[in-house]
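Enquirer: So I've got this file, data.cif, and it contains mmCIF, C-alpha atoms:
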data_run
loop_
_atom_site.label_atom_id
_atom_site.label_comp_id
_atom_site.auth_asym_id
_atom_site.auth_seq_id
_atom_site.Cartn_x
_atom_site.Cartn_y
_atom_site.Cartn_z
CA MET A 1 5.86 16.38 22.93
CA THR A 2 2.29 15.24 23.35
CA GLY A 3 1.11 11.69 23.89
CA GLN A 4 -0.35 11.74 20.39
CA GLU A 5 3.05 12.48 18.88
CA VAL A 6 4.75 9.78 20.96
CA ALA A 7 2.15 7.24 19.86
CA PHE A 8 2.63 8.34 16.26
CA LEU A 9 6.40 8.00 16.43
CA ILE A 10 6.14 4.50 17.91
CA LEU A 11 3.69 3.45 15.18
CA ALA A 12 5.82 5.06 12.48
CA VAL A 13 8.99 3.28 13.63
CA ILE A 14 7.21 -0.09 13.77
CA GLY A 15 5.56 0.49 10.40
CA GLY A 16 8.74 1.74 8.76
CA LEU A 17 10.79 -1.22 10.02
CA ALA A 18 8.10 -3.65 8.89
CA GLY A 19 7.97 -1.92 5.50
CA VAL A 20 11.73 -2.33 5.06
CA LEU A 21 11.49 -5.99 6.10
CA VAL A 22 8.70 -6.56 3.54
CA VAL A 23 11.03 -5.60 0.71
CA THR A 24 14.15 -7.31 2.09
CA ALA A 25 12.92 -10.57 3.68
CA ARG A 26 14.34 -13.78 2.24
CA ASN A 27 11.17 -15.76 2.85
CA VAL A 28 8.01 -14.81 0.96
CA VAL A 29 5.67 -15.86 3.76
CA HIS A 30 7.66 -13.79 6.26
CA ALA A 31 7.41 -10.82 3.91
CA ALA A 32 3.62 -11.25 3.79
CA LEU A 33 3.46 -11.35 7.60
CA TYR A 34 5.63 -8.22 7.85
CA LEU A 35 3.17 -6.65 5.44
CA VAL A 36 0.44 -7.34 8.01
CA ILE A 37 2.43 -5.39 10.63
CA ALA A 38 3.10 -2.48 8.24
CA LEU A 39 -0.56 -2.26 7.19
CA SER A 40 -1.76 -2.46 10.81
CA SER A 41 0.51 0.38 11.86
CA VAL A 42 -0.85 2.43 8.96
CA ALA A 43 -4.33 1.72 10.37
CA GLY A 44 -3.11 3.03 13.73
CA VAL A 45 -1.85 6.18 11.98
CA TYR A 46 -5.35 6.67 10.51
CA LEU A 47 -6.80 6.44 14.02
CA LEU A 48 -4.34 9.11 15.24
CA LEU A 49 -5.32 11.31 12.27
CA ALA A 50 -8.98 11.16 13.42
CA ALA A 51 -10.14 8.85 10.62
CA PRO A 52 -11.56 5.78 12.44
CA PHE A 53 -13.73 4.53 9.56
CA VAL A 54 -10.79 4.48 7.13
CA ALA A 55 -8.73 2.73 9.82
CA PHE A 56 -11.24 -0.08 10.22
CA VAL A 57 -11.70 -0.40 6.46
CA GLN A 58 -7.92 -0.67 6.25
CA VAL A 59 -7.91 -3.51 8.78
CA ILE A 60 -10.82 -5.34 7.15
CA ILE A 61 -9.80 -5.01 3.49
CA TYR A 62 -6.01 -4.85 3.61
CA VAL A 63 -5.13 -7.00 6.60
CA GLY A 64 -8.17 -9.21 6.27
CA ALA A 65 -8.58 -9.68 2.54
CA ILE A 66 -5.60 -8.54 0.50
CA VAL A 67 -2.95 -10.22 2.66
CA VAL A 68 -4.96 -13.46 2.61
CA LEU A 69 -5.19 -13.16 -1.19
CA ILE A 70 -1.42 -12.64 -1.37
CA LEU A 71 -0.83 -15.66 0.90
CA PHE A 72 -2.98 -17.74 -1.47
CA GLY A 73 -0.94 -16.40 -4.36
CA ILE A 74 2.27 -17.45 -2.59
CA MET A 75 0.83 -20.88 -1.89
CA LEU A 76 -0.41 -21.47 -5.47
CA THR A 77 2.80 -20.31 -7.14
CA ARG A 78 5.07 -22.34 -4.83
CA ALA A 79 7.29 -19.30 -4.31
CA PRO A 80 10.84 -20.40 -3.52
CA VAL A 81 12.86 -19.20 -0.53
CA GLY A 82 16.16 -17.34 -0.67
CA ARG A 83 17.80 -14.12 -1.74
CA ARG A 84 18.96 -15.35 -5.16
CA VAL A 85 15.57 -16.46 -6.46
CA LEU A 86 13.52 -13.65 -4.91
CA ASP A 87 15.72 -10.65 -5.67
CA ASN A 88 17.49 -9.26 -8.70
CA SER A 89 21.28 -9.22 -8.97
CA PRO A 90 23.26 -7.23 -6.36
CA ARG A 91 23.98 -4.60 -8.98
CA ALA A 92 20.29 -4.10 -9.73
CA ARG A 93 19.58 -4.06 -5.97
CA ALA A 94 22.16 -1.33 -5.45
CA GLY A 95 20.54 0.70 -8.23
CA ALA A 96 17.12 0.13 -6.67
CA PHE A 97 18.49 1.27 -3.31
CA VAL A 98 19.89 4.45 -4.85
CA VAL A 99 16.52 5.18 -6.50
CA GLY A 100 14.56 4.45 -3.29
CA ALA A 101 16.89 6.51 -1.07
CA GLY A 102 16.87 9.31 -3.63
CA VAL A 103 13.07 9.38 -3.74
CA PHE A 104 12.94 9.47 0.06
CA ALA A 105 15.55 12.24 0.36
CA MET A 106 13.89 14.31 -2.35
CA LEU A 107 10.40 13.96 -0.86
CA THR A 108 11.63 14.73 2.66
CA VAL A 109 13.53 17.86 1.62
CA PHE A 110 10.68 19.20 -0.51
CA LEU A 111 7.98 18.40 2.06
CA ALA A 112 10.03 19.95 4.87
CA GLY A 113 10.43 23.07 2.75
CA ALA A 114 6.75 23.26 1.90
CA PHE A 115 5.07 22.09 5.13
CA GLY A 116 7.84 22.45 7.74
CA GLU A 117 5.77 24.61 10.09
CA ALA A 118 2.30 23.23 9.38
CA ARG A 119 0.51 21.54 12.27
CA ILE A 120 -2.59 19.36 12.28
CA ALA A 121 -5.12 20.85 14.70
CA ASN A 122 -6.83 18.35 16.96
CA ARG A 123 -10.52 17.88 16.32
CA ALA A 124 -13.28 15.35 16.77
CA ALA A 125 -12.95 12.18 14.72
CA THR A 126 -14.78 12.09 11.39
CA THR A 127 -17.99 10.22 11.99
CA THR A 128 -19.08 7.45 9.65
CA VAL A 129 -22.27 9.48 9.07
CA ALA A 130 -20.30 12.46 7.77
CA LEU A 131 -18.22 10.19 5.54
CA GLY A 132 -21.29 8.43 4.15
CA GLU A 133 -23.05 11.72 3.47
CA SER A 134 -20.03 13.04 1.62
CA ILE A 135 -19.75 9.86 -0.48
CA PHE A 136 -23.44 9.74 -1.40
CA ARG A 137 -23.91 13.51 -1.87
CA ASN A 138 -20.71 14.73 -3.50
CA TYR A 139 -18.95 11.63 -4.77
CA VAL A 140 -21.78 9.40 -6.01
CA LEU A 141 -20.42 9.16 -9.55
CA PRO A 142 -16.88 8.04 -8.57
CA PHE A 143 -18.48 5.64 -6.08
CA GLU A 144 -20.56 4.02 -8.81
CA ALA A 145 -17.53 3.92 -11.10
CA VAL A 146 -15.59 2.09 -8.38
CA SER A 147 -18.41 -0.42 -7.96
CA LEU A 148 -18.37 -1.09 -11.73
CA LEU A 149 -14.59 -1.43 -11.60
CA LEU A 150 -14.86 -3.99 -8.81
CA LEU A 151 -17.43 -5.95 -10.82
CA ALA A 152 -15.18 -5.90 -13.88
CA ALA A 153 -12.19 -6.98 -11.77
CA LEU A 154 -14.24 -9.81 -10.26
CA ILE A 155 -15.29 -11.16 -13.65
CA GLY A 156 -11.82 -10.63 -15.07
CA ALA A 157 -10.14 -12.51 -12.23
CA ILE A 158 -12.55 -15.44 -12.66
CA VAL A 159 -12.03 -15.55 -16.43
CA LEU A 160 -8.25 -15.37 -16.07
CA ALA A 161 -7.77 -17.85 -13.25
CA ARG A 162 -10.38 -20.43 -14.31
CA ARG A 163 -9.18 -23.74 -15.67
CA ASP A 164 -11.23 -24.98 -18.59
CA MET B 1 0.89 17.02 15.66
CA PRO B 2 3.18 18.46 12.94
CA LEU B 3 1.94 17.67 9.44
CA LEU B 4 5.48 16.61 8.58
CA TYR B 5 5.31 13.44 10.74
CA PRO B 6 2.74 11.55 8.65
CA LEU B 7 4.20 12.99 5.42
CA VAL B 8 7.70 11.70 6.17
CA PHE B 9 6.28 8.34 7.29
CA ALA B 10 4.38 8.11 4.00
CA ALA B 11 7.48 9.13 2.04
CA PHE B 12 9.46 6.37 3.77
CA LEU B 13 6.85 3.70 3.03
CA PHE B 14 6.68 4.89 -0.58
CA SER B 15 10.46 4.70 -0.98
CA ALA B 16 10.49 1.20 0.52
CA GLY B 17 7.84 0.25 -2.06
CA VAL B 18 9.88 1.77 -4.89
CA TYR B 19 12.92 -0.21 -3.76
CA GLY B 20 10.85 -3.40 -3.56
CA VAL B 21 9.39 -2.99 -7.05
CA LEU B 22 12.85 -2.47 -8.53
CA ALA B 23 14.78 -5.03 -6.47
CA ARG B 24 12.44 -8.02 -6.39
CA ARG B 25 12.09 -10.47 -9.25
CA ASN B 26 9.23 -12.52 -7.81
CA ALA B 27 5.94 -11.13 -9.14
CA VAL B 28 4.07 -11.69 -5.84
CA MET B 29 6.72 -9.67 -3.98
CA VAL B 30 6.37 -6.88 -6.54
CA LEU B 31 2.61 -6.82 -5.88
CA MET B 32 3.30 -6.54 -2.13
CA SER B 33 5.62 -3.59 -2.73
CA ILE B 34 2.89 -1.91 -4.81
CA GLU B 35 0.53 -2.31 -1.85
CA LEU B 36 3.09 -0.49 0.33
CA MET B 37 3.18 2.42 -2.13
CA LEU B 38 -0.63 2.64 -2.30
CA ASN B 39 -0.73 2.76 1.50
CA ALA B 40 1.75 5.62 1.55
CA VAL B 41 -0.51 7.57 -0.79
CA ASN B 42 -3.48 6.88 1.49
CA VAL B 43 -1.58 8.16 4.53
CA ASN B 44 -0.94 11.37 2.59
CA LEU B 45 -4.61 11.72 1.65
CA VAL B 46 -5.82 11.24 5.23
CA ALA B 47 -3.11 13.52 6.67
CA PHE B 48 -3.98 16.40 4.34
CA ASN B 49 -7.67 15.83 5.02
CA ALA B 50 -6.96 16.32 8.73
CA TYR B 51 -4.69 19.30 8.05
CA LEU B 52 -7.14 21.15 5.80
CA GLN B 53 -10.17 20.39 8.02
CA ASP B 54 -12.07 19.62 4.83
CA GLN B 55 -15.86 19.93 5.13
CA LEU B 56 -16.43 17.31 2.42
CA VAL B 57 -13.87 14.87 3.97
CA SER B 58 -12.59 14.39 0.41
CA GLY B 59 -9.27 12.96 1.56
CA GLN B 60 -10.86 10.12 3.48
CA VAL B 61 -13.38 9.44 0.69
CA PHE B 62 -10.60 9.14 -1.85
CA ALA B 63 -8.56 6.99 0.53
CA LEU B 64 -11.53 4.59 0.55
CA PHE B 65 -11.65 4.68 -3.26
CA VAL B 66 -7.93 3.92 -3.43
CA ILE B 67 -8.42 0.96 -1.07
CA ALA B 68 -11.19 -0.40 -3.32
CA VAL B 69 -9.07 0.05 -6.46
CA ALA B 70 -6.13 -1.63 -4.70
CA ALA B 71 -8.33 -4.62 -3.91
CA ALA B 72 -9.34 -4.87 -7.58
CA GLU B 73 -5.73 -4.46 -8.68
CA VAL B 74 -4.35 -7.18 -6.42
CA GLY B 75 -7.14 -9.57 -7.46
CA ILE B 76 -6.43 -9.15 -11.18
CA GLY B 77 -2.68 -9.09 -10.57
CA LEU B 78 -2.69 -12.39 -8.71
CA ALA B 79 -4.94 -13.95 -11.36
CA ILE B 80 -2.40 -12.95 -14.04
CA VAL B 81 0.48 -14.25 -11.90
CA LEU B 82 -1.33 -17.57 -11.44
CA LEU B 83 -1.93 -17.84 -15.18
CA ILE B 84 1.75 -17.14 -15.91
CA PHE B 85 2.80 -19.73 -13.33
CA ARG B 86 0.46 -22.31 -14.84
CA ASN B 87 1.81 -21.73 -18.34
CA ARG B 88 5.51 -21.15 -17.67
CA GLU B 89 6.23 -22.70 -14.25
CA THR B 90 7.83 -19.46 -13.08
CA VAL B 91 6.73 -16.13 -11.60
CA ASN B 92 10.06 -14.35 -12.04
CA ILE B 93 9.29 -11.19 -13.94
CA ASP B 94 12.65 -11.18 -15.76
CA GLU B 95 11.93 -14.61 -17.27
CA VAL B 96 8.54 -13.60 -18.67
CA ASP B 97 9.74 -11.86 -21.82
CA LEU B 98 7.26 -12.95 -24.47
CA LEU B 99 6.70 -9.37 -25.68
CA ARG B 100 10.40 -8.56 -25.90
CA TRP B 101 12.33 -8.82 -29.16
#
What does this structure look like when you write it as structure tokens?

Expert:
Amino acid sequence: MTGQEVAFLILAVIGGLAGVLVVTARNVVHAALYLVIALSSVAGVYLLLAAPFVAFVQVIIYVGAIVVLILFGIMLTRAPVGRRVLDNSPRARAGAFVVGAGVFAMLTVFLAGAFGEARIANRAATTTVALGESIFRNYVLPFEAVSLLLLAALIGAIVLARRD
Amino acid sequence: MPLLYPLVFAAFLFSAGVYGVLARRNAVMVLMSIELMLNAVNVNLVAFNAYLQDQLVSGQVFALFVIAVAAAEVGIGLAIVLLIFRNRETVNIDEVDLLRW
């Protein structure tokens, strides 16, 4: 087992545990902080997969912006603490667990069948230059569409949340 | 590194997100679970980009697009949640049943 695989397994265990804690924590603020750990370990996984630019975008946008936005949402909605007010009934939770475990089992079996032997060859990390050239040569139209979407979301969020 | 490692990690994060969306009744927690699922999809995109050695780095480009769309989604989502809280003093999604008859 190479050092890369060991590092990946450590990151995956931390990220997986944090992901489970996000959806089971009794305290909303704790859940948001576990989300920080899960998202950071995903950024580490991007680094191991030779995608440094995506990793840093992940840290800046997810950990830096989205989690802060969610913390503001928690603060402004005075989210209560405790299992009973945050979660559905135990019966609904059991159903949700069955669905989640089923999705995981199904995906794992199918992926192992389809890509059981496949290996990712090591190579140099994708440079930001290569990524930028691909975006502005081959994916200009989706890029512009995303920028319009962000503008629309910005205006929509202001219109919705404004008090008048 | 076997391709299966990141795929199984992504599948686990996605399943945790599915559980969270179904089990939580606080709207902010549901949004957090959705973020987990979007991240799982991004891990898949980047992993297959590395596996296929894509010349156009399409996987990473689309991962960036997904991140941008997720930012828009969480902004609008929280604005809606705030509006609901202001009008109804609750963010529990099972108590917001205006459209149900």

Enquirer: Using all atoms listed in the file, tabulate the residues of chain B lying at most 6 Å from any atom of chain A, each with its closest atom pair and that distance in Å to one decimal, by chain and increasing residue number, as JSON lines.

Expert:
{"residue": "B:Met1", "atom": "CA", "partner": "A:Ile120", "partner_atom": "CA", "distance": 5.4}
{"residue": "B:Pro2", "atom": "CA", "partner": "A:Arg119", "partner_atom": "CA", "distance": 4.1}
{"residue": "B:Leu3", "atom": "CA", "partner": "A:Arg119", "partner_atom": "CA", "distance": 5.0}
{"residue": "B:Ala11", "atom": "CA", "partner": "A:Phe104", "partner_atom": "CA", "distance": 5.8}
{"residue": "B:Phe12", "atom": "CA", "partner": "A:Phe104", "partner_atom": "CA", "distance": 6.0}
{"residue": "B:Ser15", "atom": "CA", "partner": "A:Gly100", "partner_atom": "CA", "distance": 4.7}
{"residue": "B:Ala16", "atom": "CA", "partner": "A:Val20", "partner_atom": "CA", "distance": 5.9}
{"residue": "B:Val18", "atom": "CA", "partner": "A:Gly100", "partner_atom": "CA", "distance": 5.6}
{"residue": "B:Tyr19", "atom": "CA", "partner": "A:Gly100", "partner_atom": "CA", "distance": 5.0}
{"residue": "B:Gly20", "atom": "CA", "partner": "A:Val23", "partner_atom": "CA", "distance": 4.8}
{"residue": "B:Leu22", "atom": "CA", "partner": "A:Ala96", "partner_atom": "CA", "distance": 5.3}
{"residue": "B:Ala23", "atom": "CA", "partner": "A:Arg93", "partner_atom": "CA", "distance": 4.9}
{"residue": "B:Arg24", "atom": "CA", "partner": "A:Asp87", "partner_atom": "CA", "distance": 4.3}
{"residue": "B:Arg25", "atom": "CA", "partner": "A:Asp87", "partner_atom": "CA", "distance": 5.1}
{"residue": "B:Asn26", "atom": "CA", "partner": "A:Leu86", "partner_atom": "CA", "distance": 5.3}
{"residue": "B:Tyr51", "atom": "CA", "partner": "A:Ile120", "partner_atom": "CA", "distance": 4.7}
{"residue": "B:Leu56", "atom": "CA", "partner": "A:Ser134", "partner_atom": "CA", "distance": 5.6}
{"residue": "B:Ala72", "atom": "CA", "partner": "A:Ala153", "partner_atom": "CA", "distance": 5.5}
{"residue": "B:Ile76", "atom": "CA", "partner": "A:Ala157", "partner_atom": "CA", "distance": 5.1}
{"residue": "B:Ala79", "atom": "CA", "partner": "A:Ala161", "partner_atom": "CA", "distance": 5.2}

Enquirer: Once the PyMOL selection byres ((chain B and resi 41) around 9) has been evaluated on this model, what residues remain selected, and can you format them as number ranges by chain?

Expert: B: 10-11, 14, 36-40, 42-46, 63, 66

Enquirer: Write out as JSON an axis-aligned box for stretch 23-27 of chain B: all of its atoms listed in the file, 3 Å added on each side, centre and edge lengths in Å with one decimal.

Expert:
{"center_x": 10.4, "center_y": -8.8, "center_z": -7.8, "size_x": 14.8, "size_y": 13.5, "size_z": 8.9}

Enquirer: So how far away is atom CA of A:Met75 from atom CA of B:Ala70, in Å?

Expert: 20.7 Å

Enquirer: For stretch 95-101 of chain B, find every residue with an atom within 10 Å (counting all atoms listed in the file), except residues of its own chain fewer than 2 positions away, and show them as a ChimeraX atom specification.

Expert: /B:25,84-85,88,90-93

Enquirer: Here is a test: counting only C-alpha atoms, which residue of A:Leu148, A:Ser41, A:Val140, A:His30 is nearest to B:Phe62?

Expert: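 Using only C-alpha atoms, B:Phe62 sits closest to A:Val140.
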
Enquirer: So which one's closest to B:Asp94, B:Ala27, B:Leu13, B:Leu4, B:Phe65? Using only C-alpha atoms, please.

Expert: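 So, comparing all the options, the nearest one is B:Ala27.
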
Enquirer: Expanded to explicit residues, what is the PyMOL selection byres ((chain B and resi 31) around 9) for this file, as a list in words?

Expert: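 With the shown file as input, the PyMOL selection byres ((chain B and resi 31) around 9) matches Ile70 of chain A; Val21, Asn26, Ala27, Val28, Met29, Val30, Met32, Ser33, Ile34, Glu35, Leu36, Val74, Gly77 and Leu78 of chain B.
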
Enquirer: Those same residues - C-alpha atoms - I'd like them written as a PDB file, keeping the file's coordinate frame.

Expert:
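Written file, result.pdb:
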ATOM      1  CA  ILE A  70      -1.420 -12.640  -1.370  1.00  0.00           C
TER       2      ILE A  70
ATOM      3  CA  VAL B  21       9.390  -2.990  -7.050  1.00  0.00           C
ATOM      4  CA  ASN B  26       9.230 -12.520  -7.810  1.00  0.00           C
ATOM      5  CA  ALA B  27       5.940 -11.130  -9.140  1.00  0.00           C
ATOM      6  CA  VAL B  28       4.070 -11.690  -5.840  1.00  0.00           C
ATOM      7  CA  MET B  29       6.720  -9.670  -3.980  1.00  0.00           C
ATOM      8  CA  VAL B  30       6.370  -6.880  -6.540  1.00  0.00           C
ATOM      9  CA  MET B  32       3.300  -6.540  -2.130  1.00  0.00           C
ATOM     10  CA  SER B  33       5.620  -3.590  -2.730  1.00  0.00           C
ATOM     11  CA  ILE B  34       2.890  -1.910  -4.810  1.00  0.00           C
ATOM     12  CA  GLU B  35       0.530  -2.310  -1.850  1.00  0.00           C
ATOM     13  CA  LEU B  36       3.090  -0.490   0.330  1.00  0.00           C
ATOM     14  CA  VAL B  74      -4.350  -7.180  -6.420  1.00  0.00           C
ATOM     15  CA  GLY B  77      -2.680  -9.090 -10.570  1.00  0.00           C
ATOM     16  CA  LEU B  78      -2.690 -12.390  -8.710  1.00  0.00           C
TER      17      LEU B  78
END

Enquirer: Give me, please, the distance in Å between atom CA of B:Ala68 and atom CA of A:Ile10, quoted to one decimal.

Expert: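 Taking atom CA of B:Ala68 and atom CA of A:Ile10, their separation equals 27.8 Å.
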
Enquirer: So how many Å separate atom CA of B:Leu64 and atom CA of B:Val81, to one decimal?

Expert: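 So the two atoms, atom CA of B:Leu64 and atom CA of B:Val81, lie 25.6 Å apart.
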
Enquirer: Let me make sure I understand: among A:Asn27, A:Phe136, A:Phe110, A:Leu141, which one has the smallest atom-to-atom distance to B:Leu7 if we use only C-alpha atoms?

Expert: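 Ranked by minimum distance to B:Leu7, first place goes to A:Phe110.
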